[in-house]
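Colleague: Structure file work38.txt (compact mmCIF, C-alpha atoms) right here:
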# COMPACT_ATOMS: atom_id res chain seq x y z
CA MET A 1 286.41 58.32 442.53
CA ARG A 2 287.26 62.03 442.73
CA SER A 3 286.00 62.61 439.18
CA THR A 4 282.70 60.95 440.09
CA ILE A 5 282.33 63.25 443.09
CA ARG A 6 283.06 66.31 440.94
CA ILE A 7 280.38 65.30 438.43
CA PHE A 8 277.90 64.71 441.25
CA VAL A 9 278.59 68.14 442.74
CA VAL A 10 278.25 69.88 439.36
CA LEU A 11 274.89 68.19 438.73
CA CYS A 12 273.55 68.96 442.21
CA LEU A 13 274.64 72.59 442.51
CA PRO A 14 271.67 73.94 440.47
CA LEU A 15 269.29 72.03 442.73
CA LEU A 16 270.92 73.30 445.91
CA SER A 17 271.03 76.95 444.83
CA GLY A 18 267.64 76.98 443.12
CA CYS A 19 266.92 77.30 439.42
CA VAL A 20 264.12 77.88 436.93
CA LEU A 21 263.71 75.63 433.91
CA PRO A 22 261.15 75.85 431.10
CA TRP A 23 258.77 72.90 430.78
CA CYS A 24 256.44 74.12 428.04
CA ALA A 25 255.93 76.89 425.48
CA TYR A 26 253.48 76.87 422.60
CA PRO A 27 251.44 79.34 420.49
CA THR A 28 247.72 79.84 421.06
CA VAL A 29 244.95 81.70 419.28
CA SER A 30 241.77 83.01 420.88
CA TYR A 31 238.89 83.93 418.60
CA THR A 32 235.39 85.31 419.02
CA PRO A 33 233.10 85.38 415.97
CA ARG A 34 231.11 88.26 414.58
CA VAL A 35 228.06 88.78 416.78
CA ASN A 36 224.82 90.25 415.45
CA PHE A 37 222.29 92.16 417.53
CA ALA A 38 219.94 93.70 414.99
CA ASN A 39 217.26 96.11 416.23
CA ALA A 40 219.00 96.58 419.59
CA GLY A 41 219.98 100.10 420.55
CA ASN A 42 222.56 101.42 423.01
CA VAL A 43 224.83 98.35 422.98
CA HIS A 44 228.35 98.76 424.42
CA ALA A 45 230.87 96.11 423.37
CA PHE A 46 234.01 95.39 425.36
CA ARG A 47 236.90 93.07 424.66
CA VAL A 48 238.46 91.41 427.70
CA ASP A 49 242.04 90.14 427.34
CA PHE A 50 242.74 87.63 430.10
CA THR A 51 246.12 86.61 431.50
CA ASN A 52 246.17 83.67 433.88
CA ALA A 53 249.34 82.98 435.89
CA THR A 54 249.14 79.89 438.11
CA GLY A 55 251.47 77.83 440.22
CA ASP A 56 251.70 74.36 441.75
CA VAL A 57 248.86 71.88 441.00
CA SER A 58 246.54 74.64 439.74
CA VAL A 59 248.53 74.70 436.48
CA PHE A 60 246.52 71.64 435.44
CA ALA A 61 243.19 73.46 435.89
CA PRO A 62 243.85 77.13 435.06
CA GLY A 63 241.04 79.64 435.39
CA PRO A 64 240.39 82.70 433.20
CA GLY A 65 242.71 84.88 435.25
CA THR A 66 242.46 88.67 435.27
CA GLY A 67 241.34 90.81 432.37
CA ARG A 68 242.11 94.11 430.65
CA LEU A 69 239.12 95.90 429.14
CA SER A 70 238.96 97.82 425.88
CA ARG A 71 236.12 99.09 423.74
CA VAL A 72 235.21 97.26 420.54
CA THR A 73 234.14 99.65 417.83
CA GLY A 74 231.80 98.53 415.09
CA ASN A 75 228.50 99.21 413.43
CA ARG A 76 225.15 99.51 415.18
CA ASP A 77 223.95 95.97 414.66
CA ALA A 78 227.05 93.79 415.07
CA VAL A 79 230.45 93.36 416.70
CA SER A 80 233.25 92.27 414.42
CA ALA A 81 235.23 89.08 414.99
CA GLN A 82 238.15 89.40 417.40
CA ILE A 83 241.42 87.45 417.34
CA LYS A 84 244.25 87.21 419.87
CA PRO A 85 247.49 85.34 419.09
CA ALA A 86 249.60 84.60 422.16
CA VAL A 87 252.16 82.25 423.67
CA SER A 88 251.47 80.06 426.68
CA TYR A 89 254.47 78.98 428.73
CA GLY A 90 255.49 77.31 431.95
CA PHE A 91 258.53 76.86 434.20
CA VAL A 92 259.74 74.38 436.76
CA VAL A 93 260.99 76.20 439.85
CA ILE A 94 263.49 74.10 441.78
CA GLY A 95 264.48 75.30 445.23
CA VAL A 96 266.17 73.96 448.30
CA ALA A 97 262.97 73.06 450.11
CA LEU A 98 260.23 73.75 447.56
CA ASN A 99 259.75 72.66 443.96
CA TYR A 100 256.73 73.65 441.88
CA LEU A 101 255.40 74.35 438.38
CA THR A 102 254.22 77.68 436.98
CA PHE A 103 252.04 78.24 433.94
CA THR A 104 250.87 81.39 432.15
CA ASP A 105 248.26 81.40 429.43
CA HIS A 106 246.14 83.98 427.63
CA THR A 107 242.61 84.07 426.30
CA MET A 108 239.93 86.56 425.34
CA ALA A 109 236.20 87.22 425.52
CA VAL A 110 233.73 89.85 424.34
CA ARG A 111 231.17 91.31 426.76
CA LEU A 112 228.06 93.10 425.52
CA TYR A 113 226.48 95.58 427.91
CA ARG A 114 223.08 97.06 427.17
CA PRO A 115 221.45 99.17 429.90
CA GLY A 116 218.30 97.48 431.13
CA PHE A 117 219.41 94.00 430.04
CA GLU A 118 221.57 91.20 431.39
CA LEU A 119 225.21 91.09 430.33
CA VAL A 120 226.07 88.86 427.37
CA GLU A 121 229.53 87.27 427.24
CA ILE A 122 230.98 85.63 424.12
CA LYS A 123 233.80 83.28 425.06
CA SER A 124 236.68 82.28 422.83
CA TRP A 125 235.73 79.84 420.08
CA GLU A 126 232.00 80.05 420.72
CA SER A 127 229.97 79.68 417.55
CA GLY A 128 228.50 82.78 415.98
CA ARG A 129 224.92 83.58 416.93
CA GLU A 130 222.30 86.26 417.15
CA VAL A 131 222.23 87.80 420.60
CA ALA A 132 219.14 86.95 422.64
CA TRP A 133 218.64 89.80 425.10
CA THR A 134 217.19 89.05 428.54
CA SER A 135 215.58 91.96 430.32
CA ALA A 136 217.07 93.05 433.66
CA ALA A 137 213.71 93.67 435.23
CA ASP A 138 214.76 95.47 438.41
CA LEU A 139 217.57 97.51 439.92
CA ALA A 140 219.31 94.45 441.38
CA ALA A 141 219.45 92.75 437.97
CA GLN A 142 220.84 95.89 436.32
CA GLU A 143 223.45 96.22 439.06
CA LYS A 144 224.44 92.59 438.57
CA ALA A 145 224.95 93.21 434.83
CA LEU A 146 227.45 95.94 435.68
CA ASP A 147 229.12 93.79 438.34
CA ASN A 148 229.59 91.04 435.75
CA LEU A 149 231.00 93.49 433.21
CA PHE A 150 233.75 94.54 435.62
CA ASP A 151 234.41 91.10 437.08
CA GLN A 152 237.96 89.62 437.17
CA LEU A 153 239.80 92.82 436.24
CA ASP A 154 243.57 93.15 436.23
CA PRO A 155 244.49 95.29 439.27
CA ASP A 156 247.79 96.34 437.69
CA CYS A 157 246.60 97.38 434.22
CA LYS A 158 247.54 101.00 433.44
CA LEU A 159 246.35 101.18 429.83
CA ARG A 160 244.24 104.20 429.00
CA THR A 161 241.76 102.03 427.12
CA HIS A 162 241.20 100.07 430.33
CA THR A 163 240.78 103.08 432.62
CA GLU A 164 238.30 104.66 430.19
CA CYS A 165 236.14 101.56 430.57
CA LEU A 166 236.31 101.92 434.35
CA GLU A 167 235.15 105.53 434.04
CA PHE A 168 232.23 104.39 431.91
CA GLY A 169 231.28 101.83 434.55
CA ALA A 170 231.40 104.47 437.26
CA SER A 171 229.00 106.68 435.29
CA GLU A 172 226.61 103.75 434.87
CA PHE A 173 226.62 102.97 438.59
CA GLU A 174 225.89 106.66 439.23
CA ARG A 175 222.99 106.53 436.78
CA LEU A 176 221.51 103.56 438.63
CA SER A 177 222.05 105.38 441.91
CA ARG A 178 219.89 108.27 440.70
CA GLU A 179 217.15 105.79 439.80
CA ALA A 180 217.31 103.92 443.11
CA ALA A 181 214.19 103.98 445.27
CA SER A 182 215.97 103.68 448.62
CA ALA A 183 218.84 105.57 450.23
CA GLY A 184 220.61 102.28 450.96
CA ASP A 185 220.61 101.23 447.32
CA SER A 186 221.79 104.67 446.25
CA GLN A 187 224.66 104.66 448.74
CA ARG A 188 225.79 101.18 447.67
CA LEU A 189 225.78 102.12 443.99
CA ASP A 190 227.60 105.40 444.67
CA ALA A 191 230.25 103.45 446.58
CA LYS A 192 230.79 101.14 443.59
CA ALA A 193 231.11 104.16 441.32
CA ARG A 194 233.70 105.72 443.62
CA THR A 195 235.65 102.48 443.75
CA LEU A 196 235.91 102.33 439.95
CA ARG A 197 236.88 105.99 439.69
CA GLU A 198 239.50 105.68 442.43
CA PHE A 199 240.86 102.55 440.79
CA ALA A 200 241.06 104.27 437.41
CA GLY A 201 242.69 107.34 438.98
CA ALA A 202 245.28 105.29 440.85
CA GLN A 203 246.23 103.48 437.66
CA LEU A 204 246.62 106.74 435.73
CA VAL A 205 248.84 108.18 438.47
CA ALA A 206 250.95 105.00 438.49
CA SER A 207 251.42 105.19 434.72
CA ALA A 208 252.27 108.91 434.63
CA PRO A 209 255.93 109.72 433.85
CA SER A 210 258.05 110.85 436.78
CA ASP A 211 259.43 114.42 436.94
CA GLU A 212 262.73 113.15 438.28
Using structure tokens, write down the structure from this file.

Modeller:
Amino acid sequence: MRSTIRIFVVLCLPLLSGCVLPWCAYPTVSYTPRVNFANAGNVHAFRVDFTNATGDVSVFAPGPGTGRLSRVTGNRDAVSAQIKPAVSYGFVVIGVALNYLTFTDHTMAVRLYRPGFELVEIKSWESGREVAWTSAADLAAQEKALDNLFDQLDPDCKLRTHTECLEFGASEFERLSREAASAGDSQRLDAKARTLREFAGAQLVASAPSDE
């Protein structure tokens, strides 16, 4: 009887004190094909590396998460194929009063920004195609293209490649502000530019080495 009690206590102790156990781990590959945009000038290509960390029931329907931006260099009429190997993984968190699942996965997309046109996003595993540009006919449409470019960003990313993209976005919002017909539009666009610059500056300060 005593031996049975000892075994029961040993098995239950991890549950009483709380523990974390893996429930999945597997490799993944994200891929975007070469994208052609012949006869289109002033195209800026950005790669967005997404990390999505979820918990509880949302692990069964994960979203894209938050992204880190970087420039994609290439020739004037195409963006080269991009590939991202990664590992997705999850844990079971067992506590005294709360048990839940966690899951972290990674994916990637390419965003094409061309001033005066709507943003084009190439998601992972989309088929290759020629880009069909849609004109952003007014200031609101051009502002929306920039908003979409900087949507779902990682608030903790301190990479220089990421902050340089934020600085670029700030300069584009300032350009639109100078073209705005009303003071209200200009003030709103200037505020968005300041937000991106402040965000980029805060990340650079956070990543700077300490003097101590």

Colleague: Mind pulling up the distance from CA of Phe46 in chain A to CA of Thr73 in chain A?

Modeller: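 About the pair CA of Thr73 in chain A and CA of Phe46 in chain A: they are 8.7 Å apart.
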
Colleague: Between CA of Gln152 in chain A and CA of Gly74 in chain A, what is the distance in Å, rounded to a tenth?

Modeller: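 These atoms are spaced 24.6 Å apart.
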
Colleague: Sorted by chain and rising residue number, which residues of range 29-119 of chain A lie within 12 Å of range 124-148 of chain A, and what are their closest atom pairs and distances in Å to one decimal, counting only C-alpha atoms, as a Markdown table?

Modeller:
| residue | atom | partner | partner_atom | distance |
| --- | --- | --- | --- | --- |
| A:Val29 | CA | A:Ser124 | CA | 9.0 |
| A:Ser30 | CA | A:Ser124 | CA | 5.5 |
| A:Tyr31 | CA | A:Ser124 | CA | 5.0 |
| A:Thr32 | CA | A:Ser124 | CA | 5.0 |
| A:Pro33 | CA | A:Gly128 | CA | 5.3 |
| A:Arg34 | CA | A:Gly128 | CA | 6.2 |
| A:Val35 | CA | A:Gly128 | CA | 6.1 |
| A:Asn36 | CA | A:Glu130 | CA | 5.0 |
| A:Phe37 | CA | A:Val131 | CA | 5.3 |
| A:Ala38 | CA | A:Glu130 | CA | 8.1 |
| A:Asn39 | CA | A:Val131 | CA | 10.6 |
| A:Ala40 | CA | A:Trp133 | CA | 8.7 |
| A:Gly41 | CA | A:Trp133 | CA | 11.3 |
| A:Val43 | CA | A:Trp133 | CA | 10.8 |
| A:His44 | CA | A:Leu146 | CA | 11.6 |
| A:Arg47 | CA | A:Ser124 | CA | 10.9 |
| A:Val48 | CA | A:Ser124 | CA | 10.5 |
| A:Asp49 | CA | A:Ser124 | CA | 10.5 |
| A:Phe50 | CA | A:Ser124 | CA | 10.9 |
| A:Pro64 | CA | A:Ser124 | CA | 11.0 |
| A:Asp77 | CA | A:Glu130 | CA | 10.2 |
| A:Ala78 | CA | A:Glu130 | CA | 9.1 |
| A:Val79 | CA | A:Val131 | CA | 10.7 |
| A:Ser80 | CA | A:Gly128 | CA | 10.7 |
| A:Ala81 | CA | A:Gly128 | CA | 9.3 |
| A:Gln82 | CA | A:Ser124 | CA | 9.1 |
| A:Ile83 | CA | A:Ser124 | CA | 8.9 |
| A:Lys84 | CA | A:Ser124 | CA | 9.5 |
| A:Pro85 | CA | A:Ser124 | CA | 11.8 |
| A:His106 | CA | A:Ser124 | CA | 10.7 |
| A:Thr107 | CA | A:Ser124 | CA | 7.1 |
| A:Met108 | CA | A:Ser124 | CA | 5.9 |
| A:Ala109 | CA | A:Ser124 | CA | 5.6 |
| A:Val110 | CA | A:Ser124 | CA | 8.3 |
| A:Arg111 | CA | A:Asn148 | CA | 9.1 |
| A:Leu112 | CA | A:Val131 | CA | 9.3 |
| A:Tyr113 | CA | A:Ala145 | CA | 7.5 |
| A:Arg114 | CA | A:Trp133 | CA | 8.8 |
| A:Pro115 | CA | A:Gln142 | CA | 7.2 |
| A:Gly116 | CA | A:Ala136 | CA | 5.2 |
| A:Phe117 | CA | A:Ser135 | CA | 4.3 |
| A:Glu118 | CA | A:Ala145 | CA | 5.2 |
| A:Leu119 | CA | A:Ala145 | CA | 5.0 |

Colleague: Write out as a list in words each polymer residue whose atoms come within 7 Å of Pro27 in chain A, counting only C-alpha atoms; drop sequence neighbours fewer than 4 positions from it.

Modeller: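 That gives Ala86, Val87 and Ser88 of chain A.
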
Colleague: Using only C-alpha atoms, which of A:Arg175, A:Arg68, A:Leu98, A:Asp185 sits nearest Phe150 in chain A?

Modeller: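 So, comparing all the options, the nearest one is A:Arg68.
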
Colleague: In Å, rounded to a single decimal, give me how far CA of Ser171 in chain A is from CA of Thr66 in chain A.

Modeller: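 The value is 22.5 Å.
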
Colleague: Write out as a count of residues only each polymer residue whose atoms come within 12 Å of Thr195 in chain A, counting only C-alpha atoms; drop sequence neighbours fewer than 2 positions from it.

Modeller: 20

Colleague: Taking the structure in the block just given, could you write range 68-116 of chain A with N, CA and C atoms, as a tab-separated table (two decimals), in the first residue's frame?

Modeller:
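Wrote result-v3.tsv, looks like this:
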chain	number	residue	atom	x	y	z
A	68	ARG	N	9.17	40.82	-39.27
A	68	ARG	CA	10.41	41.58	-39.34
A	68	ARG	C	10.70	41.88	-40.81
A	69	LEU	N	10.89	43.15	-41.11
A	69	LEU	CA	11.09	43.58	-42.49
A	69	LEU	C	12.57	43.61	-42.86
A	70	SER	N	12.84	43.31	-44.13
A	70	SER	CA	14.18	43.49	-44.68
A	70	SER	C	14.04	43.72	-46.18
A	71	ARG	N	14.96	44.47	-46.74
A	71	ARG	CA	14.94	44.74	-48.17
A	71	ARG	C	15.32	43.48	-48.96
A	72	VAL	N	14.71	43.33	-50.12
A	72	VAL	CA	15.10	42.27	-51.05
A	72	VAL	C	15.77	42.94	-52.24
A	73	THR	N	17.03	42.65	-52.42
A	73	THR	CA	17.76	43.23	-53.54
A	73	THR	C	17.60	42.34	-54.77
A	74	GLY	N	17.63	42.95	-55.92
A	74	GLY	CA	17.48	42.18	-57.16
A	74	GLY	C	17.65	43.10	-58.35
A	75	ASN	N	17.25	42.61	-59.51
A	75	ASN	CA	17.35	43.45	-60.69
A	75	ASN	C	16.11	44.32	-60.83
A	76	ARG	N	16.05	45.10	-61.89
A	76	ARG	CA	15.00	46.11	-62.02
A	76	ARG	C	13.65	45.55	-62.43
A	77	ASP	N	13.61	44.35	-62.91
A	77	ASP	CA	12.34	43.83	-63.43
A	77	ASP	C	11.88	42.55	-62.75
A	78	ALA	N	12.48	42.19	-61.61
A	78	ALA	CA	12.07	40.95	-60.93
A	78	ALA	C	12.61	40.92	-59.51
A	79	VAL	N	11.95	40.13	-58.68
A	79	VAL	CA	12.44	39.82	-57.33
A	79	VAL	C	12.73	38.32	-57.30
A	80	SER	N	13.89	37.98	-56.82
A	80	SER	CA	14.29	36.57	-56.80
A	80	SER	C	13.46	35.77	-55.82
A	81	ALA	N	13.45	34.47	-56.01
A	81	ALA	CA	12.74	33.57	-55.10
A	81	ALA	C	13.35	33.66	-53.70
A	82	GLN	N	12.50	33.52	-52.69
A	82	GLN	CA	12.93	33.58	-51.29
A	82	GLN	C	12.56	32.27	-50.61
A	83	ILE	N	13.42	31.81	-49.71
A	83	ILE	CA	13.16	30.57	-48.99
A	83	ILE	C	13.48	30.75	-47.50
A	84	LYS	N	12.68	30.14	-46.65
A	84	LYS	CA	12.87	30.27	-45.21
A	84	LYS	C	12.66	28.91	-44.55
A	85	PRO	N	13.72	28.19	-44.19
A	85	PRO	CA	13.57	26.98	-43.39
A	85	PRO	C	13.37	27.35	-41.92
A	86	ALA	N	12.57	26.61	-41.22
A	86	ALA	CA	12.29	26.92	-39.81
A	86	ALA	C	11.82	25.66	-39.11
A	87	VAL	N	11.57	25.80	-37.82
A	87	VAL	CA	11.03	24.71	-37.00
A	87	VAL	C	9.81	25.24	-36.25
A	88	SER	N	8.70	24.57	-36.41
A	88	SER	CA	7.51	24.89	-35.62
A	88	SER	C	7.46	23.96	-34.42
A	89	TYR	N	6.98	24.48	-33.28
A	89	TYR	CA	7.01	23.67	-32.07
A	89	TYR	C	5.90	24.11	-31.12
A	90	GLY	N	5.55	23.21	-30.22
A	90	GLY	CA	4.52	23.52	-29.24
A	90	GLY	C	4.77	22.83	-27.92
A	91	PHE	N	4.20	23.38	-26.85
A	91	PHE	CA	4.34	22.83	-25.51
A	91	PHE	C	2.98	22.72	-24.83
A	92	VAL	N	2.90	21.77	-23.92
A	92	VAL	CA	1.76	21.68	-23.01
A	92	VAL	C	2.21	22.27	-21.68
A	93	VAL	N	1.52	23.30	-21.24
A	93	VAL	CA	1.82	23.92	-19.95
A	93	VAL	C	0.81	23.40	-18.93
A	94	ILE	N	1.31	22.72	-17.91
A	94	ILE	CA	0.46	22.12	-16.89
A	94	ILE	C	0.70	22.85	-15.58
A	95	GLY	N	-0.35	23.47	-15.07
A	95	GLY	CA	-0.24	24.21	-13.81
A	95	GLY	C	-1.20	23.69	-12.78
A	96	VAL	N	-1.21	24.33	-11.66
A	96	VAL	CA	-2.10	23.91	-10.57
A	96	VAL	C	-3.55	24.14	-10.95
A	97	ALA	N	-3.84	25.31	-11.50
A	97	ALA	CA	-5.24	25.64	-11.81
A	97	ALA	C	-5.48	25.86	-13.29
A	98	LEU	N	-4.42	25.89	-14.10
A	98	LEU	CA	-4.59	26.22	-15.51
A	98	LEU	C	-3.67	25.36	-16.37
A	99	ASN	N	-4.25	24.69	-17.34
A	99	ASN	CA	-3.50	23.90	-18.31
A	99	ASN	C	-3.82	24.43	-19.71
A	100	TYR	N	-2.79	24.56	-20.55
A	100	TYR	CA	-3.05	25.05	-21.90
A	100	TYR	C	-1.91	24.65	-22.83
A	101	LEU	N	-2.17	24.80	-24.14
A	101	LEU	CA	-1.20	24.50	-25.18
A	101	LEU	C	-0.58	25.80	-25.68
A	102	THR	N	0.67	25.73	-26.12
A	102	THR	CA	1.31	26.83	-26.84
A	102	THR	C	1.80	26.29	-28.17
A	103	PHE	N	1.91	27.20	-29.15
A	103	PHE	CA	2.41	26.80	-30.46
A	103	PHE	C	3.09	27.99	-31.11
A	104	THR	N	4.26	27.77	-31.68
A	104	THR	CA	5.01	28.81	-32.38
A	104	THR	C	5.37	28.32	-33.77
A	105	ASP	N	4.99	29.10	-34.76
A	105	ASP	CA	5.36	28.74	-36.13
A	105	ASP	C	5.89	29.96	-36.86
A	106	HIS	N	6.47	29.71	-38.04
A	106	HIS	CA	7.15	30.76	-38.80
A	106	HIS	C	6.74	30.67	-40.26
A	107	THR	N	6.59	31.83	-40.87
A	107	THR	CA	6.33	31.86	-42.31
A	107	THR	C	6.93	33.14	-42.88
A	108	MET	N	6.65	33.40	-44.14
A	108	MET	CA	7.31	34.50	-44.83
A	108	MET	C	6.43	35.00	-45.96
A	109	ALA	N	6.60	36.26	-46.32
A	109	ALA	CA	5.92	36.84	-47.47
A	109	ALA	C	6.83	37.90	-48.09
A	110	VAL	N	6.51	38.29	-49.30
A	110	VAL	CA	7.22	39.38	-49.97
A	110	VAL	C	6.20	40.46	-50.30
A	111	ARG	N	6.52	41.71	-49.93
A	111	ARG	CA	5.65	42.84	-50.21
A	111	ARG	C	6.34	43.78	-51.19
A	112	LEU	N	5.59	44.15	-52.24
A	112	LEU	CA	6.12	45.03	-53.28
A	112	LEU	C	5.43	46.39	-53.16
A	113	TYR	N	6.23	47.41	-52.90
A	113	TYR	CA	5.70	48.77	-52.76
A	113	TYR	C	6.19	49.61	-53.93
A	114	ARG	N	5.24	50.22	-54.62
A	114	ARG	CA	5.55	51.11	-55.73
A	114	ARG	C	4.75	52.39	-55.52
A	115	PRO	N	5.40	53.52	-55.28
A	115	PRO	CA	4.66	54.76	-55.03
A	115	PRO	C	3.64	55.04	-56.13
A	116	GLY	N	2.42	55.34	-55.69
A	116	GLY	CA	1.35	55.61	-56.64
A	116	GLY	C	0.53	54.39	-57.00
